[in-house]
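See below for final.cif, which holds mmCIF, C-alpha atoms.
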```cif
data_protein
loop_
_atom_site.group_PDB
_atom_site.id
_atom_site.type_symbol
_atom_site.label_atom_id
_atom_site.label_comp_id
_atom_site.auth_asym_id
_atom_site.auth_seq_id
_atom_site.Cartn_x
_atom_site.Cartn_y
_atom_site.Cartn_z
ATOM 1 C CA MET V 17 -206.367 49.130 -114.881
ATOM 2 C CA PRO V 18 -209.690 50.161 -113.261
ATOM 3 C CA LYS V 19 -211.792 52.919 -114.846
ATOM 4 C CA ASN V 20 -212.157 56.314 -113.061
ATOM 5 C CA ASP V 21 -215.524 55.368 -111.561
ATOM 6 C CA GLU V 22 -214.085 52.032 -110.322
ATOM 7 C CA LYS V 23 -211.267 53.416 -108.203
ATOM 8 C CA THR V 24 -209.840 51.299 -105.383
ATOM 9 C CA ALA V 25 -210.047 52.518 -101.765
ATOM 10 C CA PHE V 26 -206.451 53.710 -102.001
ATOM 11 C CA GLU V 27 -206.905 55.481 -105.346
ATOM 12 C CA VAL V 28 -209.941 57.342 -104.000
ATOM 13 C CA PHE V 29 -207.631 58.849 -101.361
ATOM 14 C CA ASP V 30 -204.840 59.540 -103.815
ATOM 15 C CA ASP V 31 -202.723 62.687 -103.194
ATOM 16 C CA ASP V 32 -204.519 64.538 -106.030
ATOM 17 C CA SER V 33 -207.973 63.474 -104.983
ATOM 18 C CA PRO V 34 -210.265 66.249 -103.555
ATOM 19 C CA GLN V 35 -211.603 63.714 -101.064
ATOM 20 C CA ARG V 36 -208.287 63.845 -99.229
ATOM 21 C CA LYS V 37 -209.264 67.328 -98.026
ATOM 22 C CA ASP V 38 -212.105 65.824 -96.028
ATOM 23 C CA PRO V 39 -210.585 65.142 -92.572
ATOM 24 C CA ASN V 40 -212.726 62.064 -92.025
ATOM 25 C CA ALA V 41 -211.709 60.620 -95.316
ATOM 26 C CA GLN V 42 -208.116 61.529 -94.556
ATOM 27 C CA LEU V 43 -208.372 59.676 -91.272
ATOM 28 C CA ILE V 44 -209.745 56.621 -93.021
ATOM 29 C CA TYR V 45 -207.022 56.815 -95.617
ATOM 30 C CA ASP V 46 -204.256 57.103 -92.998
ATOM 31 C CA TYR V 47 -205.759 54.297 -91.010
ATOM 32 C CA GLU V 48 -206.002 52.034 -94.053
ATOM 33 C CA LYS V 49 -202.483 52.910 -95.146
ATOM 34 C CA HIS V 50 -200.880 52.294 -91.748
ATOM 35 C CA TYR V 51 -202.992 49.196 -91.283
ATOM 36 C CA MET V 52 -201.728 47.747 -94.548
ATOM 37 C CA ASP V 53 -198.119 48.723 -93.731
ATOM 38 C CA LEU V 54 -198.354 47.136 -90.316
ATOM 39 C CA LEU V 55 -200.042 44.069 -91.721
ATOM 40 C CA SER V 56 -197.223 43.538 -94.141
ATOM 41 C CA SER V 57 -194.584 44.102 -91.432
ATOM 42 C CA HIS V 58 -196.419 41.586 -89.192
ATOM 43 C CA LYS V 59 -196.754 39.047 -91.981
ATOM 44 C CA GLU V 60 -194.128 36.905 -90.289
ATOM 45 C CA ASP V 61 -196.074 36.925 -86.988
ATOM 46 C CA ILE V 62 -199.314 35.990 -88.750
ATOM 47 C CA ASN V 63 -197.618 33.084 -90.508
ATOM 48 C CA PHE V 64 -195.990 32.082 -87.231
ATOM 49 C CA ILE V 65 -199.353 31.895 -85.429
ATOM 50 C CA SER V 66 -200.881 29.962 -88.299
ATOM 51 C CA GLU V 67 -197.986 27.455 -88.199
ATOM 52 C CA LEU V 68 -198.284 27.194 -84.429
ATOM 53 C CA LEU V 69 -201.976 26.268 -84.692
ATOM 54 C CA LYS V 70 -201.243 23.808 -87.467
ATOM 55 C CA GLU V 71 -198.451 22.110 -85.495
ATOM 56 C CA THR V 72 -200.543 21.836 -82.323
ATOM 57 C CA ARG V 73 -203.473 20.304 -84.237
ATOM 58 C CA LYS V 74 -201.112 17.876 -85.966
ATOM 59 C CA GLU V 75 -199.561 16.887 -82.624
ATOM 60 C CA GLN V 76 -203.042 16.404 -81.127
ATOM 61 C CA ILE V 77 -204.132 14.081 -83.942
ATOM 62 C CA GLU V 78 -200.885 12.096 -83.775
ATOM 63 C CA THR V 79 -200.992 11.824 -79.977
ATOM 64 C CA MET V 80 -204.624 10.749 -79.841
ATOM 65 C CA SER V 81 -203.961 8.130 -82.491
ATOM 66 C CA LEU V 82 -201.304 6.687 -80.142
ATOM 67 C CA LEU V 83 -203.947 5.765 -77.563
ATOM 68 C CA ASP V 84 -204.695 2.453 -79.306
ATOM 69 C CA LYS V 85 -201.000 1.648 -79.327
ATOM 70 C CA ILE V 86 -200.740 2.485 -75.623
ATOM 71 C CA ASN V 87 -203.779 0.337 -74.883
ATOM 72 C CA ALA V 88 -202.181 -2.594 -76.765
ATOM 73 C CA HIS V 89 -198.913 -2.009 -74.895
ATOM 74 C CA LEU V 90 -200.694 -2.186 -71.532
ATOM 75 C CA ILE V 91 -202.443 -5.419 -72.533
ATOM 76 C CA ASP V 92 -199.036 -6.728 -73.542
ATOM 77 C CA GLN V 93 -197.695 -5.774 -70.107
ATOM 78 C CA SER V 94 -200.480 -7.844 -68.483
ATOM 79 C CA VAL V 95 -202.103 -4.838 -66.819
ATOM 80 C CA ASP V 96 -205.422 -5.755 -65.193
ATOM 81 C CA ASP V 97 -208.360 -4.858 -67.499
ATOM 82 C CA GLU V 98 -210.181 -2.763 -64.908
ATOM 83 C CA VAL V 99 -207.004 -0.836 -64.030
ATOM 84 C CA ARG V 100 -206.180 -0.365 -67.707
ATOM 85 C CA ILE V 101 -209.584 1.173 -68.499
ATOM 86 C CA VAL V 102 -209.566 3.573 -65.523
ATOM 87 C CA TRP V 103 -205.910 4.443 -66.048
ATOM 88 C CA LEU V 104 -206.319 5.095 -69.798
ATOM 89 C CA LYS V 105 -209.301 7.352 -69.116
ATOM 90 C CA HIS V 106 -207.217 9.383 -66.665
ATOM 91 C CA PHE V 107 -204.257 9.414 -69.054
ATOM 92 C CA SER V 108 -206.302 10.701 -71.991
ATOM 93 C CA GLU V 109 -207.942 13.322 -69.736
ATOM 94 C CA ASN V 110 -204.471 14.624 -68.835
ATOM 95 C CA LEU V 111 -203.520 14.786 -72.504
ATOM 96 C CA SER V 112 -206.783 16.476 -73.517
ATOM 97 C CA LYS V 113 -206.472 19.049 -70.734
ATOM 98 C CA SER V 114 -202.887 19.772 -71.775
ATOM 99 C CA PHE V 115 -203.996 20.310 -75.390
ATOM 100 C CA GLU V 116 -206.943 22.447 -74.288
ATOM 101 C CA LEU V 117 -204.593 24.691 -72.294
ATOM 102 C CA SER V 118 -202.115 24.846 -75.186
ATOM 103 C CA ASN V 119 -204.897 26.116 -77.433
ATOM 104 C CA CYS V 120 -205.696 28.755 -74.793
ATOM 105 C CA LEU V 121 -202.000 29.742 -74.711
ATOM 106 C CA ILE V 122 -202.033 30.222 -78.490
ATOM 107 C CA GLU V 123 -205.202 32.325 -78.158
ATOM 108 C CA HIS V 124 -203.607 34.468 -75.425
ATOM 109 C CA PHE V 125 -200.462 34.833 -77.502
ATOM 110 C CA THR V 126 -202.520 35.904 -80.538
ATOM 111 C CA THR V 127 -204.438 38.408 -78.417
ATOM 112 C CA SER V 128 -201.187 39.843 -77.050
ATOM 113 C CA GLN V 129 -199.814 40.182 -80.590
ATOM 114 C CA LEU V 130 -203.059 41.815 -81.696
ATOM 115 C CA SER V 131 -202.902 44.254 -78.817
ATOM 116 C CA GLN V 132 -199.284 45.069 -79.749
ATOM 117 C CA PHE V 133 -200.463 45.588 -83.348
ATOM 118 C CA LYS V 134 -203.213 47.984 -82.254
ATOM 119 C CA THR V 135 -200.802 49.931 -80.019
ATOM 120 C CA GLU V 136 -198.392 50.377 -82.943
ATOM 121 C CA LEU V 137 -201.276 51.459 -85.151
ATOM 122 C CA ARG V 138 -202.413 54.046 -82.598
ATOM 123 C CA LYS V 139 -198.834 55.371 -82.293
ATOM 124 C CA ARG V 140 -198.544 55.784 -86.066
ATOM 125 C CA MET V 141 -201.926 57.522 -86.263
ATOM 126 C CA LYS V 142 -200.756 60.082 -83.707
ATOM 127 C CA LYS V 143 -197.658 60.963 -85.771
ATOM 128 C CA MET D 8 -190.522 40.828 -76.160
ATOM 129 C CA SER D 9 -189.949 38.798 -79.318
ATOM 130 C CA ASN D 10 -191.944 35.754 -80.360
ATOM 131 C CA LYS D 11 -189.207 33.404 -79.239
ATOM 132 C CA THR D 12 -189.164 34.686 -75.664
ATOM 133 C CA SER D 13 -192.911 35.167 -75.273
ATOM 134 C CA PRO D 14 -194.023 33.578 -71.966
ATOM 135 C CA TYR D 15 -197.027 32.041 -73.764
ATOM 136 C CA LEU D 16 -194.764 30.318 -76.271
ATOM 137 C CA LEU D 17 -192.423 29.105 -73.586
ATOM 138 C CA MET D 18 -195.330 27.568 -71.648
ATOM 139 C CA LEU D 19 -196.537 26.073 -74.919
ATOM 140 C CA GLU D 20 -193.137 24.470 -75.425
ATOM 141 C CA LEU D 21 -193.099 23.137 -71.845
ATOM 142 C CA SER D 22 -196.597 21.675 -72.339
ATOM 143 C CA MET D 23 -195.450 19.922 -75.498
ATOM 144 C CA GLN D 24 -192.461 18.444 -73.659
ATOM 145 C CA GLY D 25 -194.828 17.413 -70.858
ATOM 146 C CA ARG D 26 -197.102 15.515 -73.263
ATOM 147 C CA LYS D 27 -194.083 13.794 -74.764
ATOM 148 C CA LYS D 28 -192.958 12.779 -71.278
ATOM 149 C CA LEU D 29 -196.419 11.405 -70.489
ATOM 150 C CA ILE D 30 -196.212 9.064 -73.492
ATOM 151 C CA ASP D 31 -192.519 8.203 -73.104
ATOM 152 C CA ASP D 32 -193.075 7.227 -69.466
ATOM 153 C CA VAL D 33 -195.536 4.535 -70.597
ATOM 154 C CA PHE D 34 -193.326 3.020 -73.277
ATOM 155 C CA GLN D 35 -190.110 3.436 -71.282
ATOM 156 C CA GLN D 36 -191.802 1.759 -68.323
ATOM 157 C CA SER D 37 -191.318 4.506 -65.760
ATOM 158 C CA PRO D 38 -191.774 2.971 -62.287
ATOM 159 C CA HIS D 39 -194.019 5.882 -61.284
ATOM 160 C CA VAL D 40 -196.492 4.922 -64.020
ATOM 161 C CA TYR D 41 -196.289 1.185 -63.454
ATOM 162 C CA ASP D 42 -196.768 1.484 -59.670
ATOM 163 C CA SER D 43 -200.352 2.507 -60.407
ATOM 164 C CA LEU D 44 -200.778 0.098 -63.315
ATOM 165 C CA TYR D 45 -199.807 -2.904 -61.176
ATOM 166 C CA SER D 46 -201.847 -1.958 -58.124
ATOM 167 C CA LYS D 47 -205.326 -3.272 -57.368
ATOM 168 C CA PRO D 48 -208.179 -1.380 -59.059
ATOM 169 C CA ASN D 49 -210.379 0.918 -56.987
ATOM 170 C CA THR D 50 -208.102 0.823 -53.978
ATOM 171 C CA GLU D 51 -206.608 3.691 -52.042
ATOM 172 C CA SER D 52 -203.129 2.754 -53.202
ATOM 173 C CA PHE D 53 -204.229 2.825 -56.854
ATOM 174 C CA ASN D 54 -205.695 6.318 -56.429
ATOM 175 C CA LEU D 55 -202.636 7.487 -54.529
ATOM 176 C CA TYR D 56 -200.238 6.153 -57.140
ATOM 177 C CA ILE D 57 -202.205 7.934 -59.860
ATOM 178 C CA GLU D 58 -202.187 11.127 -57.800
ATOM 179 C CA LEU D 59 -198.471 10.731 -57.126
ATOM 180 C CA TYR D 60 -197.644 10.349 -60.792
ATOM 181 C CA ASP D 61 -199.823 13.368 -61.657
ATOM 182 C CA LEU D 62 -197.951 15.460 -59.143
ATOM 183 C CA ILE D 63 -194.569 14.248 -60.441
ATOM 184 C CA TRP D 64 -195.693 15.001 -63.994
ATOM 185 C CA LEU D 65 -196.999 18.495 -63.125
ATOM 186 C CA LYS D 66 -193.821 19.147 -61.160
ATOM 187 C CA SER D 67 -191.727 18.246 -64.233
ATOM 188 C CA HIS D 68 -193.264 21.317 -65.938
ATOM 189 C CA TRP D 69 -192.285 23.452 -62.956
ATOM 190 C CA ASP D 70 -188.736 22.001 -62.986
ATOM 191 C CA SER D 71 -188.342 22.824 -66.695
ATOM 192 C CA LEU D 72 -189.593 26.362 -66.109
ATOM 193 C CA LYS D 73 -187.186 26.806 -63.187
ATOM 194 C CA THR D 74 -184.277 25.527 -65.318
ATOM 195 C CA TYR D 75 -185.205 27.977 -68.078
ATOM 196 C CA ILE D 76 -185.386 30.882 -65.602
ATOM 197 C CA ASN D 77 -181.991 30.003 -64.110
ATOM 198 C CA ASP D 78 -180.228 29.176 -67.386
ATOM 199 C CA HIS D 79 -181.468 32.289 -69.170
ATOM 200 C CA LYS D 80 -181.102 34.498 -66.091
ATOM 201 C CA VAL D 81 -184.684 35.695 -66.415
ATOM 202 C CA PHE D 82 -185.670 38.328 -63.865
ATOM 203 C CA GLY D 83 -187.989 41.280 -63.225
ATOM 204 C CA ILE D 84 -191.184 41.649 -65.211
ATOM 205 C CA GLU D 85 -190.246 38.851 -67.615
ATOM 206 C CA LYS D 86 -189.902 36.431 -64.701
ATOM 207 C CA ALA D 87 -193.185 37.678 -63.213
ATOM 208 C CA ASN D 88 -194.954 37.078 -66.535
ATOM 209 C CA LEU D 89 -193.598 33.551 -66.781
ATOM 210 C CA LEU D 90 -194.608 32.703 -63.218
ATOM 211 C CA ASN D 91 -198.079 34.194 -63.681
ATOM 212 C CA ILE D 92 -198.678 32.143 -66.807
ATOM 213 C CA PHE D 93 -197.442 29.012 -65.056
ATOM 214 C CA ALA D 94 -199.752 29.758 -62.108
ATOM 215 C CA TRP D 95 -202.685 30.125 -64.511
ATOM 216 C CA TRP D 96 -201.784 26.870 -66.315
ATOM 217 C CA TYR D 97 -201.301 24.940 -63.059
ATOM 218 C CA GLY D 98 -204.521 26.333 -61.585
ATOM 219 C CA GLU D 99 -206.487 25.387 -64.705
ATOM 220 C CA PHE D 100 -205.073 21.874 -64.512
ATOM 221 C CA LEU D 101 -206.138 21.432 -60.909
ATOM 222 C CA HIS D 102 -209.489 23.130 -61.333
ATOM 223 C CA ASP D 103 -211.243 20.205 -63.048
ATOM 224 C CA ARG D 104 -209.855 17.481 -60.890
ATOM 225 C CA SER D 105 -209.594 18.795 -57.340
ATOM 226 C CA ASP D 106 -213.094 17.718 -56.319
ATOM 227 C CA GLU D 107 -212.613 14.350 -57.975
ATOM 228 C CA SER D 108 -209.345 13.747 -56.077
ATOM 229 C CA ILE D 109 -210.995 14.479 -52.765
ATOM 230 C CA LEU D 110 -213.905 12.188 -53.584
ATOM 231 C CA LEU D 111 -211.662 9.367 -54.763
ATOM 232 C CA SER D 112 -209.703 9.297 -51.552
ATOM 233 C CA SER D 113 -212.004 10.887 -49.059
ATOM 234 C CA SER D 114 -210.913 8.404 -46.401
ATOM 235 C CA ILE D 115 -207.349 9.674 -46.557
ATOM 236 C CA PRO D 116 -206.848 13.047 -44.875
ATOM 237 C CA VAL D 117 -203.586 13.519 -46.734
ATOM 238 C CA MET D 118 -205.591 14.220 -49.895
ATOM 239 C CA GLU D 119 -207.058 17.287 -48.307
ATOM 240 C CA ASN D 120 -203.595 18.419 -47.255
ATOM 241 C CA LEU D 121 -202.348 17.686 -50.739
ATOM 242 C CA LEU D 122 -205.000 19.837 -52.339
ATOM 243 C CA ASN D 123 -204.220 22.641 -49.901
ATOM 244 C CA LEU D 124 -200.560 22.340 -50.780
ATOM 245 C CA LYS D 125 -201.336 22.485 -54.476
ATOM 246 C CA ILE D 126 -203.431 25.592 -53.949
ATOM 247 C CA HIS D 127 -200.681 27.017 -51.751
ATOM 248 C CA ASN D 128 -198.285 26.482 -54.683
ATOM 249 C CA ILE D 129 -200.438 28.660 -56.906
ATOM 250 C CA GLU D 130 -200.752 31.317 -54.221
ATOM 251 C CA SER D 131 -196.968 31.369 -53.827
ATOM 252 C CA ILE D 132 -196.495 31.843 -57.552
ATOM 253 C CA ILE D 133 -199.167 34.533 -57.756
ATOM 254 C CA GLU D 134 -197.648 36.408 -54.808
ATOM 255 C CA PHE D 135 -194.604 37.004 -56.974
ATOM 256 C CA ASP D 136 -192.699 40.200 -56.426
ATOM 257 C CA GLU D 137 -189.061 41.238 -56.365
ATOM 258 C CA ARG D 138 -188.461 38.748 -53.601
ATOM 259 C CA CYS D 139 -189.443 36.082 -56.117
ATOM 260 C CA ASN D 140 -186.650 33.689 -55.222
ATOM 261 C CA GLN D 141 -188.229 33.360 -51.838
ATOM 262 C CA ASN D 142 -191.576 32.528 -53.463
ATOM 263 C CA MET D 143 -189.982 30.103 -55.890
ATOM 264 C CA ASN D 144 -188.438 28.320 -52.908
ATOM 265 C CA LYS D 145 -191.886 28.189 -51.289
ATOM 266 C CA VAL D 146 -193.314 26.483 -54.396
ATOM 267 C CA GLU D 147 -190.400 24.072 -54.421
ATOM 268 C CA THR D 148 -190.946 23.196 -50.762
ATOM 269 C CA SER D 149 -194.688 22.741 -51.331
ATOM 270 C CA PHE D 150 -194.057 20.277 -54.124
ATOM 271 C CA LYS D 151 -191.535 18.376 -51.996
ATOM 272 C CA LYS D 152 -193.910 18.311 -49.044
ATOM 273 C CA ALA D 153 -196.815 17.076 -51.193
ATOM 274 C CA LEU D 154 -194.643 14.333 -52.696
ATOM 275 C CA LYS D 155 -193.371 13.306 -49.268
ATOM 276 C CA LEU D 156 -196.897 13.147 -47.835
ATOM 277 C CA LEU D 157 -198.045 10.967 -50.703
ATOM 278 C CA ASN D 158 -195.002 8.700 -50.434
ATOM 279 C CA ASP D 159 -195.407 8.348 -46.663
ATOM 280 C CA ASP D 160 -199.050 7.487 -47.046
ATOM 281 C CA LEU D 161 -198.285 4.880 -49.659
ATOM 282 C CA LYS D 162 -195.581 3.329 -47.456
ATOM 283 C CA GLU D 163 -198.062 3.164 -44.572
ATOM 284 C CA LEU D 164 -200.656 1.469 -46.766
ATOM 285 C CA ILE D 165 -198.114 -1.064 -48.005
ATOM 286 C CA SER D 166 -196.808 -1.856 -44.493
ATOM 287 C CA GLU D 167 -200.393 -2.265 -43.221
ATOM 288 C CA ARG D 168 -200.980 -4.878 -45.889
ATOM 289 C CA MET D 169 -197.692 -6.650 -45.220
ATOM 290 C CA SER D 170 -198.366 -7.027 -41.471
#
```
Structure rendered as structure tokens:
Amino acid sequence: MPKNDEKTAFEVFDDDSPQRKDPNAQLIYDYEKHYMDLLSSHKEDINFISELLKETRKEQIETMSLLDKINAHLIDQSVDDEVRIVWLKHFSENLSKSFELSNCLIEHFTTSQLSQFKTELRKRMKK
Amino acid sequence: MSNKTSPYLLMLELSMQGRKKLIDDVFQQSPHVYDSLYSKPNTESFNLYIELYDLIWLKSHWDSLKTYINDHKVFGIEKANLLNIFAWWYGEFLHDRSDESILLSSSIPVMENLLNLKIHNIESIIEFDERCNQNMNKVETSFKKALKLLNDDLKELISERMS
């Protein structure tokens, strides 16, 4: 239990606290409160985004580690060395670009969720 | 719109399927991949076969998106969002390589047409409105036309060599 002079941000703005009468402080309190409420209701979304990033990184590592296997497969299929090198370069460029764009999609998705979060916050503040 | 139906997540899913296809096509010996692998290096046919496979691969993303739209009866703003994100994704994919493609096959005018068709695809998607089915058909036709042009050019190259 914190001492009186070590109150948390929420305790400072407690119902009985004189600081609640200050409109600016009240605004901060409301903001903090709604922010925390929203954060906890969006916990699932935050975890979802984190999992999404984790899965994409995992897939990228696994896919890139397949390149050696693909190279060996092409040698096995008697593909001309010069063709194999040029083709593999093009192949890995396609994969890298696809991963790069997937990361952008996750970023855009996160931004859209964040914007939704801010809109909800603004709506609650107006109530 | 919930997480599951977010257009970003759907495009993410289609990209993942696309990468899987890219790898599967090598191990499952797709003829489209092996046409380029068994052609002569640094020849027009090699470049065309690579370009042809790229187009087939990019089109597979479009086909999956189209199937999703039809199966889930997506329309209105949701459909517009999906098409816009696909247009962005497709445009980004072409952005890095368009100059390279032209340079690789500068002697073949079809490459220029192909690039125009690819750009036309994006324009058709971007021009989306309530008459979107019309625009989706335009994209479909552009893909078909680009594939036909590439196939015809390859046939011509092969017959030239045979004669």
Quick check: residues of chain V within 7 Å of chain D, only C-alpha atoms, returned as a VMD selection string. chain V and resid 95 98 to 100 111 113 to 114 117 to 118 121 125
What's the separation between CA of Gln24 (chain D) and CA of Phe133 (chain V), in Å to one decimal place?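 That distance, rounded to one decimal, is 29.9 Å.
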Correct to one decimal, the distance CA of Phe150 (chain D)-CA of Trp64 (chain D) is 11.3 Å
Would you pick out the contacts of Ser112 (chain V) at 10 Å or less, using all atoms listed in the file, so that residues sharing its chain but fewer than 3 positions from it are not included, and give the list as a ChimeraX atom specification? /V:76,79-80,106-109,115-118 /D:26
Coordinates-based distance that separates CA of Leu59 (chain D) from CA of Asn158 (chain D) (Å, one decimal): 7.8 Å
Nearest to Lys155 (chain D), chosen from D:Leu62, D:Thr50, D:Asp42, D:Gln35, with all atoms listed in the file counted in the distances: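 For Lys155 (chain D), the nearest of the candidates is D:Leu62.
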